[in-house]
Amino acid sequence: MSDSLPVLARHASVSRRRFLKVAGGGVAGSSLLTMLDARQAPAQLKGTTLRILTWSHFIPAYDVWFDKWSAQWGEKNGVKVKVDHIPHLELPARMAAEFAAGAGHDIVMNNATILVRLYYKSLLDMTDVYDDLGKRHGGWIPAAKSPIEVEGRIYGIPTYYILLPMLWRKDLFDANGLKAPDTWELARVAARTLKSKGNPTGIAFSHCNDANLNWRSLMFSFGATETDPSGENPTIDSKEMREALRFAKALFDEGMTPEVFSWDDASDNRFLASGIASWIHDAISAYRTTESTNPAVFKNTFVAMEPAGPGGKRVSVSAPICFLSWKFTKNPQGAKEYLTALVDADKEGMVASTGYNMPFLNDLAKKPMPVLGADPKLQVLQDFPKIVAFFGHPGPYSPQIQEVANLFVLPDIFTRVARGESVDAAVNWGSGEYRRIFAKHKRA
Amino acid sequence: MTSSLPSGGPDAASARAAAVSLGARPRSRGWFHSQSTRRLAFGYMLLAPAALYVLLLVGVPFLFSLYLAVSDANVGEPVARFVGLDNFRAAWEMDTFWIALRNSVVFLVVAAIFKSILGTGLAFLLLQSFKGKKLVRGLVVIPFTLPISVSVLSWKWMYDSQFSVINWALSRVGLIGTYGSESWPIWLGQPHLALLACIGVNVWRSFPFSAIVLLAGFTSVPTEVLDAARVDGCTFFQRFRHIVTPMIFPILIIGFLFDTVFTLSDLSVVYLLTAGGPGNATQILPVLAYQIGIQAGSLGRGAAIALMLVPLLFPALFLMLRNLKRRDW
């Protein structure tokens, strides 16, 4: 009898609260697994609300599809879905405000400015959703984890990325006996030849996202790297980086006009549409818009593989789009289920985006891809998933790299060289800025 | 009480008067019931909303910025550690910070000069009598009232390297060459021109405000004084220098203070036109603070950079306000 007392006491410690906690967790966990397995939202989602914050897509038809698809998903699962679109440059400020308030949207999109590593402690762990999607769709492409993985856990779902391939004028190249711009050297020869005939090329040297993306593609294809694989140390002070800078200077002098210093993200689109550009390195929206604005240019513009660097290396730096969910969301299950269904519907989304959105999942990236596979000019884009990289390559997309990108340090290094500063001086300046930024983050 | 007093004789009268005055005095009123105290309290009551407004909307954010600037706060960490002056030191170590500081000062001074000249000119024009004066007065404030994003995006189009309406107009009248020629200005691409272009938009937006402030001042100058000066043979510039300017000095100072604060803290024009580029040629402190504090998430360092505006503003404000007080209008 005397032994029964401690036993009773132990039983008494399993309080009603603890029992409910354990049982509730078990039910929630098992229902999520069942839900993910059955591809059907559980009954407890009915009557809930889901607020989504996303950007205004460059292809307006995609937004129409996205809103409609979200509403239909909501109707099917008894969830009231509300989608808010804002310009992508406003997303960081909105995220900061929502975080400070501890309230806001259940799902928030990050576009190019990826803030996962800054907020991960306050973000919903999405590892289960990520693993499930990977399992069912043949795994993720190698670059997928870089923006959303922190300390081995996944805090966001990458939905698509935006490629910036070569868009070149075949008519101008053919008329001058030039080869397709399959390497950066061929692109430079074409720019040099065609500038004198009134058709220069252009890559933005200014403070815009295109400059951040394009110059990284060039330097990575030249074998330069931004950080080491750990992402802790900047590595831009290298022989390859100097080579890339010398090349960029020659490309600017021989093939561009000074207007590239003033460009924004849409300037090269207009440059192509005006019929002046011989080639640009930009998203296919530039090509798509010429269909209505300048059909002759549209007819003669072709899309090429990322040009190879001197060693034959090709790296295409793209803008990733990820969806995150706050820990404070009242509908975590709804958020996970919604994102799972959204990625499952990726092919529909790709059609709606007219091939602009590229999938992160291997099965979805299999040939023939929707839209791209059917368009002879765009088929080459199906070969990009293997060479896609993001800021910080080969390291992760860290907060320090985000700050480097926000301050446009890398385009400024290229700008300095293009304006006549020596390569060594520009690299020294840039390395100093990188080191200072990295050191501040290390201290923090 | 009065009924018990004896009647008749001067003593009796003074005693009655005293009794009446005693009777009229409030029996248990405290000091705060005196008229002067009540007036004082009423005054403070009227001032309270303004004081509360300043305290809540200016004082609290300022103190919060100070707190952020000495902490390692970032957008994703609710709990921050005290880091002393590390954030200020980090800012000073950045090349970009010094470029931004220099550009901010240039921006402020050049914009102030142009706004003074254009604002004064416009104010004098609006002072004249002409048909449709009221309509014109209404129209000139449009740049100031338009949403900044809309007006700046229009300017961005006007400064476009290829389709700039300014360039096409200048080219048409033969002042510059054609598109692609060396004389074709790249407004937002050439370092000095880019900064000037940003200042131009700021001036365009704000000089109507300067004009309105000056106009209010000009109309308050009595015409008799100006007429007397005219009779005494004063020229236009003498009247302006020796009569109008001293009389409207307090208004000028207040207008100048507002303008200084608005210009130094103007983030939108530069951010929307160039984002500080090319090569940091147009980088200014508010944009740098936004890029580091909000976009890159380092609230502490962003706040430290933003607070660097205070040493720039404070001496100017102090001198102007002291000058104003000395004149004691």
# chains A, B, ... in the order shown; residues from 1 in each chain; ligands from 1
$ closest_atom_pairs --of "chain A" --to "chain B" --cutoff "9 Å" --atoms "only C-alpha atoms" --output "tab-separated table"
residue	atom	partner	partner_atom	distance
A:Leu89	CA	B:Gln295	CA	8.8
A:Leu91	CA	B:Gln295	CA	8.9
A:Pro92	CA	B:Gln295	CA	5.6
A:Ala93	CA	B:Ile294	CA	6.0
A:Met95	CA	B:Val75	CA	8.7
A:Ala96	CA	B:Val75	CA	5.9
A:Ala97	CA	B:Val75	CA	9.0
A:Phe99	CA	B:Gly76	CA	7.4
A:Ala100	CA	B:Val75	CA	7.9
A:Thr113	CA	B:Gln295	CA	7.8
A:Leu115	CA	B:Ala296	CA	8.1
A:Arg117	CA	B:Gly76	CA	8.5
A:Leu118	CA	B:Gly76	CA	5.1
A:Tyr119	CA	B:Gly76	CA	4.3
A:Tyr120	CA	B:Gly76	CA	7.5
A:Lys121	CA	B:Gly76	CA	7.3
A:Ser122	CA	B:Gly76	CA	7.1
A:Gly198	CA	B:Gly180	CA	8.6
A:Phe205	CA	B:Pro278	CA	6.9
A:Ser206	CA	B:Pro278	CA	4.6
A:His207	CA	B:Gly277	CA	4.9
A:Cys208	CA	B:Ala275	CA	7.5
A:Thr257	CA	B:Gly180	CA	7.5
A:Pro258	CA	B:Gly189	CA	7.0
A:Glu259	CA	B:Ser161	CA	5.6
A:Val260	CA	B:Gly189	CA	7.2
A:Phe261	CA	B:Gly189	CA	4.4
A:Ser262	CA	B:Gly189	CA	3.9
A:Trp263	CA	B:Ser161	CA	7.6
A:Asp264	CA	B:Thr274	CA	7.9
A:Ser267	CA	B:Asp160	CA	8.3
A:Arg270	CA	B:Gln162	CA	8.6
A:Phe271	CA	B:Gln162	CA	7.8
A:Pro399	CA	B:Ala296	CA	6.9
A:Gln400	CA	B:Ala296	CA	8.0
A:Gln402	CA	B:Ala296	CA	6.0
A:Glu403	CA	B:Ala296	CA	4.7
A:Val404	CA	B:Ala296	CA	8.4
A:Ala405	CA	B:Ala296	CA	8.6
A:Asn406	CA	B:Gln291	CA	6.0
A:Leu407	CA	B:Gln291	CA	6.6
A:Phe408	CA	B:Gly279	CA	8.3
A:Val409	CA	B:Gly279	CA	8.5
A:Pro411	CA	B:Gly279	CA	7.7
A:Asp412	CA	B:Gly279	CA	4.8
A:Ile413	CA	B:Gly279	CA	7.9
A:Phe414	CA	B:Gly279	CA	8.8
A:Thr415	CA	B:Gly279	CA	6.0
A:Arg416	CA	B:Gly279	CA	6.9
A:Trp429	CA	B:Asp95	CA	8.7
A:Gly432	CA	B:Met94	CA	8.8
A:Glu433	CA	B:Met94	CA	7.0
A:Arg436	CA	B:Met94	CA	7.6
A:Ile437	CA	B:Ala90	CA	8.8
A:Lys440	CA	B:Ala90	CA	7.4
A:His441	CA	B:Ser298	CA	9.0
A:Ala444	CA	B:Asp72	CA	6.3
$ atom_distance --atom1 "CA of Asn300 (chain A)" --atom2 "CA of Asp171 (chain A)"
5.7 Å
$ select_by_dssp --residues "region 195-284 of chain B" --states "alpha helix (DSSP H)" --output "PyMOL selection string"
chain B and resi 195-220+223-231+236-239+245-247+249-264+268-273
$ atom_distance --atom1 "CA of Trp168 (chain B)" --atom2 "CA of Ser183 (chain B)"
12.1 Å
$ residues_around --residues "Ala304 (chain B)" --least-positions-apart "3" --cutoff "9 Å" --atoms "only C-alpha atoms" --output "VMD selection string"
chain B and resid 65 to 66 68 to 70 85 87 to 88 91 289 299 to 301 307 to 308
$ write_last_selection --atoms "C-alpha atoms" --output "PDB file, in the first residue's frame"
ATOM      1  CA  SER B  65      15.206  55.187 -32.278  1.00  0.00           C
ATOM      2  CA  LEU B  66      17.813  55.984 -29.642  1.00  0.00           C
ATOM      3  CA  LEU B  68      17.394  50.817 -31.326  1.00  0.00           C
ATOM      4  CA  ALA B  69      20.604  52.638 -32.249  1.00  0.00           C
ATOM      5  CA  VAL B  70      22.411  51.331 -29.182  1.00  0.00           C
ATOM      6  CA  LEU B  85      28.063  52.821 -29.902  1.00  0.00           C
ATOM      7  CA  ASN B  87      26.182  50.705 -34.654  1.00  0.00           C
ATOM      8  CA  PHE B  88      27.494  54.235 -35.029  1.00  0.00           C
ATOM      9  CA  ALA B  91      28.245  53.280 -39.964  1.00  0.00           C
ATOM     10  CA  ALA B 289      18.970  53.873 -43.346  1.00  0.00           C
ATOM     11  CA  LEU B 299      17.149  47.903 -37.252  1.00  0.00           C
ATOM     12  CA  GLY B 300      19.943  48.976 -34.898  1.00  0.00           C
ATOM     13  CA  ARG B 301      22.312  50.070 -37.643  1.00  0.00           C
ATOM     14  CA  LEU B 307      20.018  59.455 -36.176  1.00  0.00           C
ATOM     15  CA  MET B 308      23.046  60.906 -37.944  1.00  0.00           C
TER      16      MET B 308
END
$ atom_distance --atom1 "CA of Ala308 (chain A)" --atom2 "CA of Leu361 (chain A)"
24.5 Å
$ closest_residue --among "A:Pro142, A:Ile148, A:Leu45, A:Pro376" --to "Asn362 (chain A)" --atoms "only C-alpha atoms"
A:Pro142
$ select_by_dssp --residues "region 193-436 of chain A" --states "strand (DSSP E)" --output "JSON, numbers by chain"
{"A": [279, 280, 281, 301, 302, 303, 304, 316, 317, 319, 320, 321, 322, 323, 324, 325, 357, 358, 359, 388, 389]}
